[in-house]
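Below: run-v5.cif (mmCIF, C-alpha atoms)
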data_my_file
loop_
_atom_site.label_atom_id
_atom_site.label_comp_id
_atom_site.auth_asym_id
_atom_site.auth_seq_id
_atom_site.Cartn_x
_atom_site.Cartn_y
_atom_site.Cartn_z
CA MET A 25 0.00 0.00 0.00
CA SER A 26 1.39 3.40 -0.95
CA GLY A 27 0.59 7.09 -0.69
CA LEU A 28 -1.52 8.55 2.10
CA ALA A 29 -3.06 5.14 2.83
CA ASN A 30 0.36 3.75 3.75
CA PRO A 31 0.06 2.80 7.45
CA THR A 32 3.10 4.73 8.66
CA ILE A 33 2.33 7.85 6.62
CA ALA A 34 -1.35 7.80 7.60
CA ILE A 35 -0.57 7.39 11.30
CA LEU A 36 2.10 10.09 11.37
CA LEU A 37 0.13 12.64 9.35
CA THR A 38 -3.04 12.07 11.37
CA GLY A 39 -1.14 12.49 14.62
CA MET A 40 0.53 15.67 13.39
CA LEU A 41 -2.71 17.21 12.15
CA VAL A 42 -4.62 16.36 15.33
CA GLY A 43 -1.76 17.72 17.42
CA MET A 44 -1.55 20.95 15.41
CA ALA A 45 -5.29 21.56 15.63
CA GLY A 46 -5.32 20.91 19.36
CA ALA A 47 -2.30 23.15 20.01
CA LEU A 48 -3.71 25.95 17.85
CA LEU A 49 -6.99 26.18 19.73
CA GLY A 50 -5.50 25.16 23.06
CA SER A 51 -3.09 28.10 23.10
CA PHE A 52 -5.95 30.49 23.86
CA LEU A 53 -7.40 28.20 26.54
CA VAL A 54 -4.06 27.94 28.34
CA LEU A 55 -3.58 31.72 28.26
CA ARG A 56 -7.10 32.26 29.62
CA GLY A 57 -6.48 29.77 32.45
CA ASN A 58 -9.31 27.56 31.15
CA SER A 59 -7.32 24.45 30.28
CA MET A 60 -9.70 22.14 32.13
CA LEU A 61 -12.52 23.20 29.83
CA ALA A 62 -10.86 21.00 27.21
CA ASP A 63 -11.34 18.02 29.51
CA ALA A 64 -14.95 18.98 30.18
CA ILE A 65 -15.66 19.31 26.46
CA SER A 66 -13.91 16.03 25.63
CA HIS A 67 -16.26 14.14 27.94
CA SER A 68 -19.45 16.07 27.24
CA ILE A 69 -19.32 15.56 23.46
CA LEU A 70 -20.49 11.99 23.96
CA PHE A 71 -23.85 13.47 25.03
CA GLY A 72 -24.04 15.42 21.76
CA ILE A 73 -23.05 12.40 19.69
CA ALA A 74 -25.79 10.31 21.30
CA LEU A 75 -28.44 13.00 20.79
CA ALA A 76 -27.38 13.53 17.16
CA TRP A 77 -27.82 9.81 16.48
CA LEU A 78 -31.23 9.75 18.20
CA ALA A 79 -32.37 12.73 16.11
CA THR A 80 -30.97 11.74 12.72
CA GLY A 81 -29.70 8.15 12.84
CA GLU A 82 -26.29 9.37 11.59
CA THR A 83 -23.23 7.85 13.27
CA SER A 84 -20.61 10.08 11.64
CA GLY A 85 -20.12 13.16 9.50
CA ALA A 86 -21.17 16.79 9.82
CA VAL A 87 -24.23 15.98 11.95
CA GLN A 88 -22.11 14.33 14.61
CA ILE A 89 -19.62 17.21 14.56
CA ALA A 90 -22.45 19.73 14.96
CA GLY A 91 -24.01 17.72 17.78
CA ALA A 92 -20.70 17.47 19.59
CA ALA A 93 -20.01 21.18 19.11
CA LEU A 94 -23.39 22.09 20.57
CA SER A 95 -22.92 19.78 23.54
CA GLY A 96 -19.51 21.32 24.18
CA VAL A 97 -21.05 24.78 24.16
CA LEU A 98 -23.81 23.53 26.47
CA ALA A 99 -21.19 22.20 28.89
CA VAL A 100 -19.36 25.52 28.96
CA PHE A 101 -22.62 27.45 29.36
CA LEU A 102 -23.66 25.30 32.32
CA ILE A 103 -20.21 25.59 33.89
CA GLU A 104 -20.16 29.37 33.57
CA THR A 105 -23.74 29.64 34.84
CA LEU A 106 -22.87 27.65 37.97
CA ALA A 107 -19.66 29.62 38.48
CA ARG A 108 -21.43 32.98 38.10
CA SER A 109 -23.94 31.96 40.75
CA ARG A 110 -21.06 32.26 43.26
CA ARG A 111 -22.32 29.09 44.91
CA LEU A 112 -19.53 27.02 43.36
CA ARG A 113 -15.95 27.61 42.31
CA ASP A 114 -14.95 27.09 38.67
CA ASP A 115 -13.27 23.75 39.33
CA ALA A 116 -16.29 22.43 41.23
CA ALA A 117 -18.63 23.53 38.41
CA ILE A 118 -16.48 21.69 35.86
CA GLY A 119 -16.40 18.63 38.12
CA LEU A 120 -20.21 18.61 38.28
CA VAL A 121 -21.10 19.32 34.65
CA PHE A 122 -18.89 17.12 32.54
CA PRO A 123 -19.41 13.87 34.51
CA ALA A 124 -23.17 14.52 34.35
CA LEU A 125 -23.23 15.03 30.57
CA PHE A 126 -20.85 12.14 29.98
CA SER A 127 -22.94 9.83 32.16
CA ILE A 128 -26.15 10.82 30.35
CA GLY A 129 -24.40 10.13 27.02
CA VAL A 130 -23.31 6.67 28.19
CA VAL A 131 -26.82 5.86 29.41
CA LEU A 132 -28.41 7.01 26.14
CA ILE A 133 -26.02 4.85 24.13
CA ASN A 134 -26.62 1.80 26.32
CA VAL A 135 -30.40 2.20 26.26
CA PHE A 136 -31.12 3.34 22.70
CA ALA A 137 -28.02 2.48 20.70
CA ARG A 138 -26.96 -0.87 22.10
CA ASP A 139 -26.65 -2.42 18.62
CA VAL A 140 -25.28 0.69 16.90
CA HIS A 141 -21.57 1.43 16.45
CA LEU A 142 -21.41 4.23 19.02
CA ASP A 143 -18.71 3.01 21.38
CA GLU A 144 -17.90 5.30 24.29
CA HIS A 145 -14.54 3.56 24.76
CA THR A 146 -13.61 4.39 21.16
CA VAL A 147 -14.64 7.98 21.70
CA LEU A 148 -12.42 8.26 24.76
CA LEU A 149 -9.36 6.25 23.72
CA GLY A 150 -9.43 5.88 19.93
CA GLU A 151 -6.79 3.89 18.05
CA ILE A 152 -4.61 5.82 15.68
CA GLY A 153 -2.85 2.62 14.64
CA PHE A 154 -5.93 1.61 12.60
CA VAL A 155 -6.69 4.89 10.79
CA TRP A 156 -5.24 3.59 7.51
CA LEU A 157 -7.89 0.85 7.33
CA ASP A 158 -10.85 3.24 6.92
CA THR A 159 -10.34 5.13 3.65
CA VAL A 160 -12.23 7.25 1.16
CA THR A 161 -11.35 8.18 -2.42
CA VAL A 162 -10.90 11.89 -3.11
CA ALA A 163 -10.08 12.96 -6.69
CA GLY A 164 -8.77 9.47 -7.37
CA LEU A 165 -6.55 9.49 -4.27
CA VAL A 166 -7.15 7.00 -1.46
CA VAL A 167 -7.14 8.95 1.82
CA PRO A 168 -7.77 7.70 5.38
CA ARG A 169 -11.06 9.12 6.62
CA ALA A 170 -9.54 10.29 9.94
CA LEU A 171 -6.73 12.06 8.06
CA LEU A 172 -9.19 13.87 5.82
CA ALA A 173 -11.37 14.89 8.77
CA SER A 174 -8.38 16.12 10.79
CA ALA A 175 -7.02 18.11 7.83
CA THR A 176 -10.41 19.70 7.20
CA LEU A 177 -10.90 20.73 10.81
CA LEU A 178 -7.34 22.06 11.04
CA LEU A 179 -8.01 24.21 7.98
CA VAL A 180 -11.27 25.52 9.48
CA ASP A 181 -9.56 26.20 12.82
CA ALA A 182 -6.70 28.04 11.12
CA LEU A 183 -9.07 30.18 9.05
CA PHE A 184 -11.07 31.05 12.18
CA VAL A 185 -7.95 32.07 14.13
CA LEU A 186 -6.63 34.14 11.21
CA ALA A 187 -9.98 35.85 10.65
CA PHE A 188 -10.59 36.65 14.33
CA TYR A 189 -7.02 36.87 15.60
CA ASN A 190 -7.33 40.34 17.09
CA ALA A 191 -10.69 39.57 18.67
CA LEU A 192 -9.33 36.32 20.14
CA LYS A 193 -6.26 38.11 21.46
CA LEU A 194 -8.26 40.86 23.16
CA ALA A 195 -10.88 38.41 24.46
CA THR A 196 -8.04 36.37 25.97
CA PHE A 197 -6.02 39.14 27.60
CA ASP A 198 -8.55 41.93 28.18
CA PRO A 199 -12.23 40.94 27.75
CA GLY A 200 -13.35 44.30 29.13
CA LEU A 201 -11.50 46.23 26.41
CA ALA A 202 -12.77 43.81 23.76
CA ARG A 203 -16.32 44.41 24.94
CA ALA A 204 -15.80 48.17 24.91
CA LEU A 205 -14.55 47.98 21.33
CA GLY A 206 -17.64 46.03 20.29
CA LEU A 207 -15.77 42.80 19.51
CA ALA A 208 -18.23 40.53 21.40
CA PRO A 209 -15.64 38.51 23.35
CA GLY A 210 -18.33 36.15 24.67
CA LEU A 211 -19.47 35.24 21.17
CA VAL A 212 -15.87 34.75 20.02
CA PHE A 213 -15.19 32.57 23.07
CA TYR A 214 -18.17 30.30 22.37
CA ALA A 215 -17.28 30.06 18.67
CA HIS A 216 -13.77 29.06 19.70
CA LEU A 217 -15.08 26.35 22.02
CA SER A 218 -17.51 25.12 19.36
CA LEU A 219 -14.58 24.57 17.01
CA LEU A 220 -12.71 22.82 19.81
CA SER A 221 -15.66 20.44 20.24
CA GLY A 222 -15.86 19.75 16.51
CA THR A 223 -12.12 19.14 16.32
CA ALA A 224 -12.38 16.71 19.22
CA VAL A 225 -14.95 14.69 17.27
CA ALA A 226 -12.67 14.62 14.24
CA ALA A 227 -9.92 13.35 16.54
CA PHE A 228 -11.85 10.71 18.45
CA ASP A 229 -11.36 7.97 15.84
CA ALA A 230 -7.64 8.65 15.87
CA VAL A 231 -6.22 9.51 19.27
CA GLY A 232 -9.47 9.65 21.26
CA VAL A 233 -10.73 12.79 22.94
CA VAL A 234 -9.02 12.08 26.26
CA LEU A 235 -5.64 11.96 24.55
CA PHE A 236 -6.67 14.93 22.41
CA VAL A 237 -6.77 16.95 25.62
CA THR A 238 -3.02 16.35 25.94
CA PHE A 239 -2.39 18.08 22.63
CA VAL A 240 -4.70 20.93 23.63
CA VAL A 241 -2.92 21.60 26.92
CA VAL A 242 0.68 20.36 27.01
CA PRO A 243 2.25 21.93 23.86
CA PRO A 244 0.74 25.38 24.60
CA ALA A 245 1.80 25.09 28.25
CA ALA A 246 5.37 24.30 27.17
CA ALA A 247 5.32 27.15 24.64
CA TYR A 248 4.01 29.52 27.33
CA LEU A 249 7.22 28.92 29.28
CA LEU A 250 9.35 29.75 26.26
CA CYS A 251 7.63 32.61 24.44
CA ARG A 252 6.71 36.23 25.13
CA ARG A 253 4.56 36.86 22.04
CA LEU A 254 1.23 35.25 21.29
CA SER A 255 2.09 34.50 17.67
CA SER A 256 5.36 32.83 18.74
CA LEU A 257 3.55 30.83 21.42
CA ILE A 258 1.07 29.44 18.89
CA ALA A 259 3.83 28.57 16.40
CA VAL A 260 6.01 26.84 19.02
CA ALA A 261 3.03 24.94 20.45
CA MET A 262 2.14 23.60 16.99
CA LEU A 263 5.78 22.63 16.33
CA ILE A 264 5.89 20.71 19.63
CA ALA A 265 2.70 18.87 18.67
CA VAL A 266 4.12 18.02 15.23
CA ALA A 267 7.39 16.75 16.73
CA SER A 268 5.54 14.63 19.31
CA ALA A 269 3.87 12.49 16.63
CA PRO A 270 6.99 10.82 15.15
CA LEU A 271 8.64 10.62 18.57
CA GLY A 272 5.59 8.89 20.03
CA TYR A 273 5.21 6.62 17.02
CA GLY A 274 8.82 5.48 17.29
CA ALA A 275 8.45 4.88 21.03
CA ALA A 276 5.23 2.91 20.47
CA LEU A 277 6.91 0.60 17.95
CA TRP A 278 9.88 0.12 20.23
CA LEU A 279 7.83 -0.58 23.38
CA ASP A 280 4.85 -2.23 21.61
CA VAL A 281 2.31 0.05 23.27
CA SER A 282 -0.61 2.27 22.19
CA VAL A 283 0.47 4.66 19.43
CA GLY A 284 -1.95 7.41 20.45
CA GLY A 285 -0.94 7.18 24.08
CA ALA A 286 2.75 7.25 23.17
CA MET A 287 2.25 10.34 20.99
CA ALA A 288 0.50 12.13 23.82
CA LEU A 289 3.20 11.08 26.30
CA ALA A 290 5.89 12.29 23.89
CA THR A 291 4.80 15.86 24.64
CA ALA A 292 6.05 15.49 28.23
CA PRO A 293 9.80 15.90 27.49
CA PHE A 294 9.06 19.21 25.78
CA LEU A 295 7.18 20.46 28.84
CA VAL A 296 9.93 19.28 31.19
CA GLY A 297 12.58 20.83 28.96
CA ALA A 298 10.70 24.14 28.74
CA PHE A 299 10.20 24.23 32.51
CA SER A 300 13.88 23.47 33.15
CA TRP A 301 15.00 26.12 30.67
CA ARG A 302 12.67 28.68 32.25
CA ARG A 303 13.99 27.93 35.73
CA TRP A 304 17.57 28.20 34.49
CA ARG A 305 16.85 31.55 32.85
CA GLU A 306 15.15 32.90 35.99
CA ARG A 307 18.03 31.86 38.21
CA ARG A 308 20.49 33.42 35.81
CA ARG A 309 18.53 36.69 35.76
CA TYR A 310 18.21 36.66 39.55
CA ARG A 311 21.96 36.27 39.96
CA ALA A 312 22.50 39.09 37.47
CA GLY A 313 20.04 41.31 39.36
CA GLN A 314 17.61 41.50 36.44
CA PRO A 315 13.79 41.33 36.72
CA PRO A 316 12.17 38.01 35.67
CA ALA A 317 10.98 37.66 32.10
CA VAL A 318 7.25 37.85 31.35
CA SER A 319 5.83 35.07 29.18
CA ALA A 320 3.14 35.34 26.52
CA SER A 321 2.36 39.02 26.65
CA SER A 322 -0.49 40.39 24.58
CA SER A 323 1.92 41.25 21.77
CA ALA A 324 0.97 39.89 18.37
#
Show how you would write the structure in this file as structure tokens.
Amino acid sequence: MSGLANPTIAILLTGMLVGMAGALLGSFLVLRGNSMLADAISHSILFGIALAWLATGETSGAVQIAGAALSGVLAVFLIETLARSRRLRDDAAIGLVFPALFSIGVVLINVFARDVHLDEHTVLLGEIGFVWLDTVTVAGLVVPRALLASATLLLVDALFVLAFYNALKLATFDPGLARALGLAPGLVFYAHLSLLSGTAVAAFDAVGVVLFVTFVVVPPAAAYLLCRRLSSLIAVAMLIAVASAPLGYGAALWLDVSVGGAMALATAPFLVGAFSWRRWRERRRYRAGQPPAVSASSSA
């Protein structure tokens, strides 16, 4: 087998694309201090997938992505509503909402979709090692379905970030100023999270949404320790995600373990390295009597 349907090429490209999409959108979550929303969304999308199947009978495609995106938005809306009530802290609200939506999704699947291919374990864990088996033909070229979906969502995510870059930046660093300028930071925030939910669905056949969270959080967190500019942070985060795919794939072949899990774990050395470098730089500045560096300022 050759081309994009070659197992090694399909696995590596899918891992890279999923990692890039996760890092791109995750950079803004990390800067906002909302990293755990990625975990909440990754679990709550099962609720949307189950409802989409009950409403339409579709087990994949745009309907499932839309259902997952809406359930992700619902999860964030419920979390923010509980947090704004001042009865619960943000972490407690997240801990209440996403297990509830995930549990309802599991129950719906077990009651109404017992004989349908809607497997909650696949949604959570995925198996990137098998993406080359499920292919479609596009313009005469055989392409793995997961690869095509990941590439499409990455393109949509990139276009969204490019089109609303200034609004995203202001909504991340200074929502009050964004609101004063009429940029509707709340609407931009929910659109951003909707794309994150849709991207998670595109990723669930490959790395699974739980492992997708790793790409959303770890590469941006490592880049945050290294960069002062938002544009640099996004670029470095995406590079870390891209580099993690071949490193994880090689480790998985060597250790005979899950490829998706190894790719996610391969992001850890970058985070450790970035943290060590940051500590070394701070100690060096302290000894030189210089003020500590500020990471990820609102510069473009």
- request: Just the residues within 6 Å of Val240 (chain A), please, counting all atoms listed in the file, with nothing from its chain fewer than 2 positions along; format it as a PyMOL selection string.
  value: chain A and resi 46-47+50+237-238
Running the PyMOL selection byres ((chain A and resi 121) around 9) on this model by hand, what would come out? Give it as a PDB file with C-alpha atoms, in the coordinates of the input.
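Writing the result to part_26.pdb gives the following:
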ATOM      1  CA  ALA A  64     -14.950  18.980  30.180  1.00  0.00           C
ATOM      2  CA  SER A  68     -19.450  16.070  27.240  1.00  0.00           C
ATOM      3  CA  ALA A  99     -21.190  22.200  28.890  1.00  0.00           C
ATOM      4  CA  VAL A 100     -19.360  25.520  28.960  1.00  0.00           C
ATOM      5  CA  LEU A 102     -23.660  25.300  32.320  1.00  0.00           C
ATOM      6  CA  ILE A 103     -20.210  25.590  33.890  1.00  0.00           C
ATOM      7  CA  ALA A 116     -16.290  22.430  41.230  1.00  0.00           C
ATOM      8  CA  ALA A 117     -18.630  23.530  38.410  1.00  0.00           C
ATOM      9  CA  ILE A 118     -16.480  21.690  35.860  1.00  0.00           C
ATOM     10  CA  GLY A 119     -16.400  18.630  38.120  1.00  0.00           C
ATOM     11  CA  LEU A 120     -20.210  18.610  38.280  1.00  0.00           C
ATOM     12  CA  PHE A 122     -18.890  17.120  32.540  1.00  0.00           C
ATOM     13  CA  PRO A 123     -19.410  13.870  34.510  1.00  0.00           C
ATOM     14  CA  ALA A 124     -23.170  14.520  34.350  1.00  0.00           C
ATOM     15  CA  LEU A 125     -23.230  15.030  30.570  1.00  0.00           C
ATOM     16  CA  PHE A 126     -20.850  12.140  29.980  1.00  0.00           C
TER      17      PHE A 126
END
- request: Please provide as a list of chain:residue names all residues within 8 Å of Ala92 (chain A), with the sequence filter that same-chain residues fewer than 5 positions apart are discarded (counting only C-alpha atoms).
  value: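 Final neighbour list, sorted by chain and number: A:Ser68, A:Ile69, A:Leu70, A:Phe71, A:Gly72, A:Ile73, A:Ser221, A:Gly222, A:Val225.
Distance annotation: of A:Leu207, A:Val131, A:Ala227, A:Leu295, the residue with the minimal separation from Ala175 (chain A) is A:Ala227; atom set is all atoms listed in the file.
Between CA of Gly39 (chain A) and CA of Gly164 (chain A) lies a distance of 23.5 Å.
For the atom pair formed by CA of Gly274 (chain A) and CA of Gly153 (chain A), the distance is 12.3 Å, given to one decimal.
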task: May I ask for the distance between CA of Val233 (chain A) and CA of Leu192 (chain A), given in Å to one decimal place?
output: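 Computing the Euclidean distance for CA of Val233 (chain A) and CA of Leu192 (chain A) yields 23.7 Å.
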- request: May I have the residues within 12 Å of Phe52 (chain A) as a VMD selection string, using all atoms listed in the file and disregarding those fewer than 2 positions away in the same chain?
  value: chain A and resid 46 to 50 54 to 59 61 to 62 185 189 191 to 197 212 to 213 216 to 217 220 240 to 241 243 to 245 247 to 248 254 to 255 257 to 258 261 320 322
Would you mind exporting C-alpha atoms of the selected residues as an mmCIF file, in the coordinates of the input?
data_model
loop_
_atom_site.group_PDB
_atom_site.id
_atom_site.type_symbol
_atom_site.label_atom_id
_atom_site.label_comp_id
_atom_site.auth_asym_id
_atom_site.auth_seq_id
_atom_site.Cartn_x
_atom_site.Cartn_y
_atom_site.Cartn_z
ATOM 1 C CA GLY A 46 -5.320 20.910 19.360
ATOM 2 C CA ALA A 47 -2.300 23.150 20.010
ATOM 3 C CA LEU A 48 -3.710 25.950 17.850
ATOM 4 C CA LEU A 49 -6.990 26.180 19.730
ATOM 5 C CA GLY A 50 -5.500 25.160 23.060
ATOM 6 C CA VAL A 54 -4.060 27.940 28.340
ATOM 7 C CA LEU A 55 -3.580 31.720 28.260
ATOM 8 C CA ARG A 56 -7.100 32.260 29.620
ATOM 9 C CA GLY A 57 -6.480 29.770 32.450
ATOM 10 C CA ASN A 58 -9.310 27.560 31.150
ATOM 11 C CA SER A 59 -7.320 24.450 30.280
ATOM 12 C CA LEU A 61 -12.520 23.200 29.830
ATOM 13 C CA ALA A 62 -10.860 21.000 27.210
ATOM 14 C CA VAL A 185 -7.950 32.070 14.130
ATOM 15 C CA TYR A 189 -7.020 36.870 15.600
ATOM 16 C CA ALA A 191 -10.690 39.570 18.670
ATOM 17 C CA LEU A 192 -9.330 36.320 20.140
ATOM 18 C CA LYS A 193 -6.260 38.110 21.460
ATOM 19 C CA LEU A 194 -8.260 40.860 23.160
ATOM 20 C CA ALA A 195 -10.880 38.410 24.460
ATOM 21 C CA THR A 196 -8.040 36.370 25.970
ATOM 22 C CA PHE A 197 -6.020 39.140 27.600
ATOM 23 C CA VAL A 212 -15.870 34.750 20.020
ATOM 24 C CA PHE A 213 -15.190 32.570 23.070
ATOM 25 C CA HIS A 216 -13.770 29.060 19.700
ATOM 26 C CA LEU A 217 -15.080 26.350 22.020
ATOM 27 C CA LEU A 220 -12.710 22.820 19.810
ATOM 28 C CA VAL A 240 -4.700 20.930 23.630
ATOM 29 C CA VAL A 241 -2.920 21.600 26.920
ATOM 30 C CA PRO A 243 2.250 21.930 23.860
ATOM 31 C CA PRO A 244 0.740 25.380 24.600
ATOM 32 C CA ALA A 245 1.800 25.090 28.250
ATOM 33 C CA ALA A 247 5.320 27.150 24.640
ATOM 34 C CA TYR A 248 4.010 29.520 27.330
ATOM 35 C CA LEU A 254 1.230 35.250 21.290
ATOM 36 C CA SER A 255 2.090 34.500 17.670
ATOM 37 C CA LEU A 257 3.550 30.830 21.420
ATOM 38 C CA ILE A 258 1.070 29.440 18.890
ATOM 39 C CA ALA A 261 3.030 24.940 20.450
ATOM 40 C CA ALA A 320 3.140 35.340 26.520
ATOM 41 C CA SER A 322 -0.490 40.390 24.580
#
query: Do you know which residues the PyMOL selection byres ((chain A and resi 275-290) around 8) returns on this file, as number ranges by chain?
result: A: 39, 150-153, 230-232, 235-236, 238-239, 268-274, 291-294
message: Which residue is closest to Val130 (chain A)? Choose from A:Val97, A:Ala74, A:Ala173, A:Val155 and count all atoms listed in the file.
response: A:Ala74
message: I'd like the contact shell of Ala29 (chain A) - 6 Å cut-off, only C-alpha atoms, skipping same-chain residues fewer than 2 positions apart - returned as a ChimeraX atom specification.
response: /A:27,34,156,167-168
Would you mind exporting the chosen residues as a PDB file, keeping the file's coordinate frame, restricted to C-alpha atoms?
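The file below, again03.pdb, is the result:
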ATOM      1  CA  GLY A  27       0.590   7.090  -0.690  1.00  0.00           C
ATOM      2  CA  ALA A  34      -1.350   7.800   7.600  1.00  0.00           C
ATOM      3  CA  TRP A 156      -5.240   3.590   7.510  1.00  0.00           C
ATOM      4  CA  VAL A 167      -7.140   8.950   1.820  1.00  0.00           C
ATOM      5  CA  PRO A 168      -7.770   7.700   5.380  1.00  0.00           C
TER       6      PRO A 168
END
- request: Measuring atom to atom with only C-alpha atoms, identify which of A:Arg308, A:Thr161, A:Val242, A:Leu205 is nearest to Met262 (chain A).
  value: A:Val242
field: Using all atoms listed in the file: which of A:Ile35, A:Ile133, A:Ala202, A:Leu179 has the shortest distance to Leu219 (chain A)
entry: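 Ranking A:Ile35, A:Ile133, A:Ala202, A:Leu179 by distance to Leu219 (chain A), first place goes to A:Leu179.
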Fix up region 90-97 of chain A with all heavy atoms, then write it as a compact mmCIF listing (two decimals), keeping the file's coordinate frame.
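Final file, result35.txt:
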# COMPACT_ATOMS: atom_id res chain seq x y z
N ALA A 90 -21.58 18.66 14.47
CA ALA A 90 -22.45 19.73 14.96
C ALA A 90 -23.04 19.38 16.33
O ALA A 90 -23.09 20.24 17.22
CB ALA A 90 -23.57 19.98 13.95
N GLY A 91 -23.46 18.14 16.50
CA GLY A 91 -24.01 17.72 17.78
C GLY A 91 -22.98 17.82 18.90
O GLY A 91 -23.29 18.28 20.01
N ALA A 92 -21.76 17.39 18.59
CA ALA A 92 -20.70 17.47 19.59
C ALA A 92 -20.36 18.92 19.92
O ALA A 92 -20.13 19.27 21.08
CB ALA A 92 -19.46 16.75 19.08
N ALA A 93 -20.31 19.77 18.88
CA ALA A 93 -20.01 21.18 19.11
C ALA A 93 -21.05 21.83 20.01
O ALA A 93 -20.72 22.58 20.94
CB ALA A 93 -19.91 21.92 17.78
N LEU A 94 -22.32 21.52 19.76
CA LEU A 94 -23.39 22.09 20.57
C LEU A 94 -23.34 21.59 22.01
O LEU A 94 -23.59 22.35 22.95
CB LEU A 94 -24.75 21.78 19.94
CG LEU A 94 -25.06 22.50 18.63
CD1 LEU A 94 -26.38 22.02 18.04
CD2 LEU A 94 -25.09 24.01 18.83
N SER A 95 -23.00 20.32 22.18
CA SER A 95 -22.92 19.78 23.54
C SER A 95 -21.72 20.38 24.28
O SER A 95 -21.78 20.60 25.50
CB SER A 95 -22.82 18.25 23.53
OG SER A 95 -21.61 17.82 22.96
N GLY A 96 -20.64 20.66 23.55
CA GLY A 96 -19.51 21.32 24.18
C GLY A 96 -19.86 22.72 24.64
O GLY A 96 -19.49 23.15 25.74
N VAL A 97 -20.60 23.44 23.78
CA VAL A 97 -21.05 24.78 24.16
C VAL A 97 -22.00 24.71 25.34
O VAL A 97 -21.94 25.54 26.26
CB VAL A 97 -21.74 25.47 22.96
CG1 VAL A 97 -22.40 26.77 23.39
CG2 VAL A 97 -20.72 25.75 21.86
